[in-house]
Structures are given as C-alpha cells and as structure tokens.
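For reference, entry-v9.json is printed below; it contains JSON, C-alpha atoms.
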```
[["chain", "number", "residue", "atom", "x", "y", "z"],
["S", 108, "MET", "CA", 14.74, 33.85, -12.76],
["S", 109, "SER", "CA", 14.37, 30.12, -13.20],
["S", 110, "SER", "CA", 12.66, 27.84, -10.69],
["S", 111, "ARG", "CA", 14.84, 25.37, -8.84],
["S", 112, "VAL", "CA", 13.28, 21.96, -9.43],
["S", 113, "GLY", "CA", 15.63, 20.10, -7.11],
["S", 114, "SER", "CA", 18.68, 20.71, -5.01],
["S", 115, "PRO", "CA", 22.10, 19.19, -5.82],
["S", 116, "ALA", "CA", 21.50, 16.75, -2.93],
["S", 117, "LYS", "CA", 18.20, 15.69, -4.52],
["S", 118, "TYR", "CA", 19.83, 15.12, -7.90],
["S", 119, "ARG", "CA", 22.55, 13.02, -6.24],
["S", 120, "PHE", "CA", 19.86, 11.08, -4.37],
["S", 121, "GLU", "CA", 17.90, 10.38, -7.57],
["S", 122, "ASP", "CA", 21.06, 9.34, -9.44],
["S", 123, "ARG", "CA", 22.10, 7.01, -6.64],
["S", 124, "VAL", "CA", 18.65, 5.42, -6.46],
["S", 125, "LEU", "CA", 18.63, 4.99, -10.24],
["S", 126, "PHE", "CA", 22.12, 3.48, -10.49],
["S", 127, "PHE", "CA", 22.25, 1.39, -7.30],
["S", 128, "VAL", "CA", 18.80, 0.65, -5.86],
["S", 129, "VAL", "CA", 16.82, 0.11, -9.08],
["S", 130, "PRO", "CA", 19.24, -2.49, -10.60],
["S", 131, "LEU", "CA", 19.52, -4.31, -7.24],
["S", 132, "PHE", "CA", 15.74, -4.22, -6.89],
["S", 133, "PHE", "CA", 15.15, -5.81, -10.32],
["S", 134, "LEU", "CA", 17.93, -8.34, -9.77],
["S", 135, "ASP", "CA", 16.29, -9.28, -6.47],
["S", 136, "ALA", "CA", 12.82, -9.48, -8.02],
["S", 137, "ILE", "CA", 14.08, -11.68, -10.88],
["S", 138, "LEU", "CA", 16.06, -13.89, -8.49],
["S", 139, "GLY", "CA", 13.25, -14.14, -5.96],
["S", 140, "ILE", "CA", 10.23, -14.57, -8.19],
["S", 141, "TRP", "CA", 11.66, -16.22, -11.28],
["S", 142, "GLY", "CA", 14.44, -18.26, -9.63],
["S", 143, "PHE", "CA", 13.14, -19.30, -6.23],
["S", 144, "HIS", "CA", 9.40, -19.17, -6.79],
["S", 145, "TYR", "CA", 8.86, -20.53, -10.29],
["S", 146, "HIS", "CA", 12.02, -22.61, -10.76],
["S", 147, "HIS", "CA", 12.30, -23.73, -7.12],
["S", 148, "LEU", "CA", 16.03, -23.02, -6.85],
["S", 149, "HIS", "CA", 17.35, -23.78, -3.38],
["S", 150, "PRO", "CA", 20.86, -22.38, -2.81],
["S", 151, "ASP", "CA", 22.91, -24.07, -0.12],
["S", 152, "GLY", "CA", 25.79, -23.10, 2.21],
["S", 153, "ALA", "CA", 27.70, -19.93, 1.35],
["S", 154, "LEU", "CA", 25.62, -19.39, -1.78],
["S", 155, "ALA", "CA", 22.49, -19.23, 0.38],
["S", 156, "VAL", "CA", 24.08, -16.49, 2.51],
["S", 157, "VAL", "CA", 25.11, -14.56, -0.64],
["S", 158, "CYS", "CA", 21.60, -14.87, -2.10],
["S", 159, "ALA", "CA", 19.99, -13.75, 1.17],
["S", 160, "ALA", "CA", 22.36, -10.76, 1.38],
["S", 161, "LEU", "CA", 21.59, -9.93, -2.25],
["S", 162, "GLN", "CA", 17.87, -10.00, -1.54],
["S", 163, "SER", "CA", 18.21, -7.50, 1.32],
["S", 164, "SER", "CA", 20.69, -5.29, -0.57],
["S", 165, "PRO", "CA", 18.14, -2.92, -2.24],
["S", 166, "ILE", "CA", 16.70, -1.88, 1.13],
["S", 167, "ILE", "CA", 20.17, -1.52, 2.72],
["S", 168, "ALA", "CA", 21.36, 0.54, -0.28],
["S", 169, "PHE", "CA", 18.22, 2.69, -0.12],
["S", 170, "ILE", "CA", 18.63, 3.41, 3.61],
["S", 171, "VAL", "CA", 22.30, 4.38, 3.11],
["S", 172, "ILE", "CA", 21.38, 6.65, 0.17],
["S", 173, "VAL", "CA", 18.56, 8.27, 2.18],
["S", 174, "GLY", "CA", 21.03, 8.90, 5.04],
["S", 175, "LEU", "CA", 23.46, 10.60, 2.63],
["S", 176, "TYR", "CA", 20.61, 12.66, 1.20],
["S", 177, "LEU", "CA", 19.34, 13.81, 4.60],
["S", 178, "ALA", "CA", 22.89, 14.82, 5.57],
["S", 179, "GLY", "CA", 23.37, 16.85, 2.38],
["S", 180, "GLU", "CA", 19.91, 18.40, 1.84],
["S", 181, "THR", "CA", 19.41, 21.97, 3.07],
["S", 182, "ASP", "CA", 15.71, 22.19, 2.14],
["S", 183, "ASP", "CA", 13.82, 21.05, 5.27],
["S", 184, "PHE", "CA", 10.54, 20.69, 3.42],
["S", 185, "GLN", "CA", 12.01, 18.23, 0.91],
["S", 186, "LYS", "CA", 13.55, 16.25, 3.77],
["S", 187, "THR", "CA", 10.18, 16.08, 5.52],
["S", 188, "VAL", "CA", 8.41, 14.87, 2.37],
["S", 189, "LEU", "CA", 10.94, 12.05, 1.89],
["S", 190, "VAL", "CA", 10.84, 10.98, 5.54],
["S", 191, "GLN", "CA", 7.00, 10.98, 5.50],
["S", 192, "SER", "CA", 7.02, 8.83, 2.35],
["S", 193, "ILE", "CA", 9.43, 6.33, 3.89],
["S", 194, "LEU", "CA", 7.36, 6.16, 7.08],
["S", 195, "ARG", "CA", 4.23, 5.48, 5.03],
["S", 196, "GLY", "CA", 6.13, 2.76, 3.12],
["S", 197, "ILE", "CA", 7.32, 1.13, 6.35],
["S", 198, "GLY", "CA", 3.84, 1.40, 7.91],
["S", 199, "VAL", "CA", 2.01, -0.15, 4.95],
["S", 200, "THR", "CA", 4.65, -2.90, 4.59],
["S", 201, "LEU", "CA", 4.47, -3.78, 8.30],
["S", 202, "ALA", "CA", 0.66, -3.80, 8.29],
["S", 203, "VAL", "CA", 0.36, -5.95, 5.15],
["S", 204, "THR", "CA", 3.10, -8.42, 6.16],
["S", 205, "THR", "CA", 1.61, -8.77, 9.65],
["S", 206, "PHE", "CA", -1.83, -9.37, 8.14],
["S", 207, "CYS", "CA", -0.52, -11.92, 5.62],
["S", 208, "GLY", "CA", 1.74, -13.53, 8.25],
["S", 209, "SER", "CA", -1.22, -13.99, 10.58],
["S", 210, "LEU", "CA", -3.34, -15.54, 7.81],
["S", 211, "GLU", "CA", -0.40, -17.82, 6.98],
["S", 212, "LYS", "CA", -0.11, -18.85, 10.65],
["S", 213, "TYR", "CA", -3.83, -19.69, 10.76],
["S", 214, "GLY", "CA", -3.44, -21.75, 7.61],
["S", 215, "PHE", "CA", -5.54, -19.49, 5.38],
["S", 216, "LEU", "CA", -2.69, -18.35, 3.14],
["S", 217, "ARG", "CA", 0.33, -19.92, 1.47],
["S", 218, "GLN", "CA", 3.79, -18.69, 2.48],
["S", 219, "MET", "CA", 4.37, -15.23, 1.00],
["S", 220, "ASP", "CA", 7.53, -14.81, -1.10],
["S", 221, "VAL", "CA", 9.89, -12.40, 0.67],
["S", 222, "SER", "CA", 10.50, -10.53, -2.62],
["S", 223, "TRP", "CA", 6.97, -9.12, -2.41],
["S", 224, "VAL", "CA", 7.90, -7.33, 0.83],
["S", 225, "GLN", "CA", 10.46, -5.20, -1.02],
["S", 226, "ILE", "CA", 8.16, -4.64, -3.97],
["S", 227, "LEU", "CA", 5.43, -3.47, -1.57],
["S", 228, "PHE", "CA", 7.84, -1.17, 0.30],
["S", 229, "PHE", "CA", 9.28, 0.51, -2.80],
["S", 230, "VAL", "CA", 5.91, 0.83, -4.54],
["S", 231, "THR", "CA", 4.36, 2.43, -1.42],
["S", 232, "VAL", "CA", 7.28, 4.85, -0.99],
["S", 233, "THR", "CA", 7.18, 5.81, -4.69],
["S", 234, "VAL", "CA", 3.38, 6.33, -4.70],
["S", 235, "SER", "CA", 3.61, 8.36, -1.49],
["S", 236, "MET", "CA", 6.34, 10.58, -2.98],
["S", 237, "LEU", "CA", 4.28, 11.12, -6.13],
["S", 238, "VAL", "CA", 1.20, 12.02, -4.07],
["S", 239, "SER", "CA", 3.28, 14.52, -2.04],
["S", 240, "ARG", "CA", 4.68, 16.02, -5.26],
["S", 241, "TRP", "CA", 1.13, 16.43, -6.57],
["S", 242, "ARG", "CA", -0.19, 17.78, -3.26],
["S", 243, "TYR", "CA", 2.47, 20.51, -3.01],
["S", 244, "ARG", "CA", 2.75, 21.18, -6.75],
["I", 132, "MET", "CA", 0.51, 29.17, 11.58],
["I", 133, "LYS", "CA", -0.79, 32.07, 9.46],
["I", 134, "ASN", "CA", 1.59, 34.08, 7.33],
["I", 135, "ARG", "CA", 1.73, 37.13, 5.05],
["I", 136, "LEU", "CA", 4.09, 35.58, 2.58],
["I", 137, "ARG", "CA", 1.75, 35.77, -0.40],
["I", 138, "VAL", "CA", 1.07, 39.48, 0.27],
["I", 139, "LEU", "CA", 4.73, 40.34, 0.77],
["I", 140, "ARG", "CA", 5.65, 38.44, -2.35],
["I", 141, "ALA", "CA", 2.90, 40.13, -4.39],
["I", 142, "GLU", "CA", 4.08, 43.59, -3.22],
["I", 143, "ARG", "CA", 7.45, 42.85, -4.82],
["I", 144, "GLU", "CA", 5.86, 41.17, -7.85],
["I", 145, "TRP", "CA", 7.82, 37.98, -7.23],
["I", 146, "SER", "CA", 6.57, 34.59, -8.32],
["I", 147, "GLN", "CA", 6.89, 31.58, -6.01],
["I", 148, "ALA", "CA", 9.80, 30.48, -8.19],
["I", 149, "ASP", "CA", 11.53, 33.87, -7.73],
["I", 150, "LEU", "CA", 11.20, 33.65, -3.97],
["I", 151, "ALA", "CA", 12.36, 30.02, -3.97],
["I", 152, "GLU", "CA", 15.47, 31.03, -5.91],
["I", 153, "ARG", "CA", 16.26, 33.81, -3.43],
["I", 154, "LEU", "CA", 15.77, 31.49, -0.46],
["I", 155, "GLU", "CA", 17.67, 28.61, -2.14],
["I", 156, "VAL", "CA", 14.81, 26.19, -1.59],
["I", 157, "SER", "CA", 12.40, 24.45, -3.96],
["I", 158, "ARG", "CA", 9.24, 26.16, -5.26],
["I", 159, "GLN", "CA", 7.27, 23.38, -3.56],
["I", 160, "SER", "CA", 8.68, 24.54, -0.22],
["I", 161, "VAL", "CA", 7.51, 28.12, -0.82],
["I", 162, "ASN", "CA", 4.06, 26.88, -1.84],
["I", 163, "ALA", "CA", 3.79, 24.63, 1.24],
["I", 164, "ILE", "CA", 4.83, 27.48, 3.59],
["I", 165, "GLU", "CA", 2.51, 29.99, 1.90],
["I", 166, "THR", "CA", -0.51, 27.70, 2.17],
["I", 167, "GLY", "CA", 0.27, 26.91, 5.81],
["I", 168, "LYS", "CA", 0.92, 23.22, 5.15],
["I", 169, "PHE", "CA", 4.51, 23.44, 6.37],
["I", 170, "ASP", "CA", 6.13, 25.62, 9.01],
["I", 171, "PRO", "CA", 9.64, 26.75, 8.07],
["I", 172, "SER", "CA", 12.66, 26.05, 10.22],
["I", 173, "LEU", "CA", 14.02, 28.92, 12.33],
["I", 174, "PRO", "CA", 16.97, 29.60, 9.96],
["I", 175, "LEU", "CA", 14.58, 29.78, 7.00],
["I", 176, "ALA", "CA", 12.20, 32.07, 8.95],
["I", 177, "PHE", "CA", 15.13, 34.42, 9.68],
["I", 178, "LYS", "CA", 16.13, 34.28, 6.02],
["I", 179, "LEU", "CA", 12.58, 35.27, 5.03],
["I", 180, "ALA", "CA", 12.57, 38.11, 7.55],
["I", 181, "ARG", "CA", 15.89, 39.44, 6.20],
["I", 182, "LEU", "CA", 14.72, 39.14, 2.62],
["I", 183, "PHE", "CA", 11.49, 41.08, 3.27],
["I", 184, "GLU", "CA", 13.27, 43.50, 5.63],
["I", 185, "THR", "CA", 10.92, 42.80, 8.52],
["I", 186, "THR", "CA", 10.74, 40.64, 11.64],
["I", 187, "ILE", "CA", 9.63, 37.00, 11.84],
["I", 188, "GLU", "CA", 6.50, 38.22, 13.67],
["I", 189, "GLY", "CA", 5.90, 40.55, 10.74],
["I", 190, "ILE", "CA", 5.51, 37.52, 8.50],
["I", 191, "PHE", "CA", 4.17, 34.77, 10.74],
["I", 192, "THR", "CA", 1.33, 34.92, 13.25],
["I", 193, "ASP", "CA", 0.64, 32.30, 15.89],
["I", 194, "GLU", "CA", -3.01, 31.24, 15.57],
["I", 195, "GLU", "CA", -3.38, 30.45, 19.32]]
```

Can you present the structure in this file as structure tokens?
Amino acid sequence: MSSRVGSPAKYRFEDRVLFFVVPLFFLDAILGIWGFHYHHLHPDGALAVVCAALQSSPIIAFIVIVGLYLAGETDDFQKTVLVQSILRGIGVTLAVTTFCGSLEKYGFLRQMDVSWVQILFFVTVTVSMLVSRWRYR
Amino acid sequence: MKNRLRVLRAEREWSQADLAERLEVSRQSVNAIETGKFDPSLPLAFKLARLFETTIEGIFTDEE
C-alpha cells in the first residue's frame, strides 16, 4: 500500500501557488526593486493604481488560493499546519515592519521598499511550512 | 492526549503509511496523532475507532 504524500486539494493548492502566486511575486519583486528602487520609476494617474494593484496581487492571490484549499482539504492536520505557517508569516511580517517603521519614524532608517514586505511574508511562510514538514516527517 | 494508536497499528502489522491510506489522510497526520502532537477531529476519531473495531475511549485517554 503506497503512502499518500498529499491530498488532491494539496496538489491543486501547490499548482495554483506555482502558476499564479510565484509569477506574480517575481513580477512584483522585479517591478518594485528593479523599477522603482534602482531606476526610480514613478508611475502617475491610472498607471500608478495599476502598479499598486499589481504589487498587492501576489498576497491577494495567495489568500484566495488558501481559502480554496481550506474549503477543499479533508485532512485537518494539513489544514492546521498551513494556517499555523501563515500566522507565523503574518506575525513576523507585522513585527518586522512595525520595528522598521518605528526606526524610520525616528529618523534612524531610510524608507523601506514595500516589495520587501511581501518577500518577508512569503519567505517566512515557506520556511515555517518546511520546518513543519521536517518536524512531522 | 495519550493514545494507543502505535500499539493497535503494530498488532495489525500496519505501517503509518498503511494506516494513513485507510484513513484517507497523510502519513504526517498519523505520525502527529501517534506522537500526541495533534489531536484528531471527532470524525477522524470515530473513523479510527471503526477501523480498529473499538471505542474512541479504547484508543484515546484524557490525561487529566
């Protein structure tokens, strides 16, 4: 009898993350760091709104995909692991951005590029999921 | 919560993967329940009880 590595819901979740969130994330990182940070691009009017929406799109897409996964997953343990990882990601992101924001307000730090917030969130969630996978291996 | 899952599984000579397949959950879930790191939901506890032909109390013991 073979071991079930993941449920159909988990495979769908991983496919959706790979095909929607990852490309949007890299597009956002390239646009944010390369375009706005190093080349000082300053979109105006409707283009500014489109760029801002594009920059928030990976997180919106991820939340929608997580919602679909939680609705379709029957394995409560796997659901718990994902929710814990996301909570850790949100917690670390909030703590770091609050810390950096406070330093910025006191004049000790330059303005932090918003793209780093997403990078921090996704890296923390991914690391947390890998740690959980190792812990319950 | 303590449980007798490992013993019951060993009596039937099932691996964690075998049990996971029968329960339609991941092997990680079985491992987490067995080691007491995760308490199963009520439907899964009933499923375990049916599978091992016992009661939920026959598998799980409240530590309090």

Requested in this report: May I have the residues within 9 Å of segment 162-169 of chain I as a PyMOL selection string, using only C-alpha atoms and disregarding those fewer than 3 positions away in the same chain?
Outcome: (chain S and resi 184+243-244) or (chain I and resi 132-137+147+157-159)

Report task. Select, from I:Val161, I:Leu179, I:Val156, I:Ile187, the residue with the minimum atom-to-atom distance to chain S, counting only C-alpha atoms. Result -> I:Val156

**Report entry** One-decimal distance in Å that lies between atom CA of Trp223 of chain S and atom CA of Ser209 of chain S
**Finding:**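 Distance between the two atoms: 16.1 Å.
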
Query raised in the report: Can you tell me how far atom CA of Ile137 of chain S sits from atom CA of Leu194 of chain S, in Å to one decimal?
Result: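 One can read the atom CA of Ile137 of chain S to atom CA of Leu194 of chain S distance as 26.2 Å.
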
Report task. Using atom CA of Ser163 of chain S and atom CA of Phe228 of chain S as the two end points, give the distance in Å to one decimal. Result ->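 Value for the atom CA of Ser163 of chain S-atom CA of Phe228 of chain S distance: 12.2 Å.
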
How close does chain S get to chain I? List, as CSV, each residue of chain S within 12 Å, its nearest atom pair and the distance in Å to one decimal, counting all atoms listed in the file.
```
residue,atom,partner,partner_atom,distance
S:Met108,CA,I:Asp149,CA,6.0
S:Ser109,CA,I:Ala148,CA,6.8
S:Ser110,CA,I:Ala148,CA,4.6
S:Arg111,CA,I:Ser157,CA,5.5
S:Val112,CA,I:Ser157,CA,6.1
S:Gly113,CA,I:Ser157,CA,6.3
S:Ser114,CA,I:Ser157,CA,7.4
S:Pro115,CA,I:Val156,CA,11.0
S:Ala116,CA,I:Val156,CA,11.6
S:Lys117,CA,I:Ser157,CA,10.5
S:Glu180,CA,I:Val156,CA,9.9
S:Thr181,CA,I:Val156,CA,7.8
S:Asp182,CA,I:Val156,CA,5.5
S:Asp183,CA,I:Ser172,CA,7.1
S:Phe184,CA,I:Ser160,CA,5.6
S:Gln185,CA,I:Ser160,CA,7.2
S:Lys186,CA,I:Ser160,CA,10.4
S:Thr187,CA,I:Phe169,CA,9.3
S:Val188,CA,I:Ser160,CA,10.0
S:Ser239,CA,I:Gln159,CA,9.8
S:Arg240,CA,I:Gln159,CA,8.0
S:Trp241,CA,I:Gln159,CA,9.7
S:Arg242,CA,I:Ala163,CA,9.1
S:Tyr243,CA,I:Gln159,CA,5.6
S:Arg244,CA,I:Gln159,CA,6.0
```

Given 6 Å of margin on each side, can you work out the centre and size in Å (one decimal) of an axis-aligned box holding every listed atom of segment 231-240 of chain S, as lines of an AutoDock Vina configuration file?
```
center_x = 4.2
center_y = 9.2
center_z = -3.6
size_x = 18.1
size_y = 25.6
size_z = 17.1
```

Query raised in the report: So, counting all atoms listed in the file, which residue among S:Ala153, S:Leu125, S:Leu189, S:Ile172 is closest to Val238 of chain S?
Result: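 Checking each candidate against Val238 of chain S, we get S:Leu189 as the closest.
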
Query raised in the report: Nearest to Val173 of chain S: which of S:Ile226, S:Gly214, S:Ala160, S:Ser192 is it, counting only C-alpha atoms?
Result: S:Ser192

**Report entry** From S:Val203, S:Ile197, S:Val221, S:Leu177, residue lying nearest Gln162 of chain S [only C-alpha atoms]
**Finding:** S:Val221

Report task. Name the closest residue to Glu142 of chain I among the candidates I:Leu173, I:Phe183, I:Glu194, I:Gly189; distances are taken between atoms, counting all atoms listed in the file. Result -> I:Phe183

Query raised in the report: For Ala202 of chain S, which residue among S:Val224, S:Cys158, S:Ala178, S:Val234 is the nearest when counting only C-alpha atoms?
Result: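 Nearest candidate to Ala202 of chain S out of S:Val224, S:Cys158, S:Ala178, S:Val234: S:Val224.
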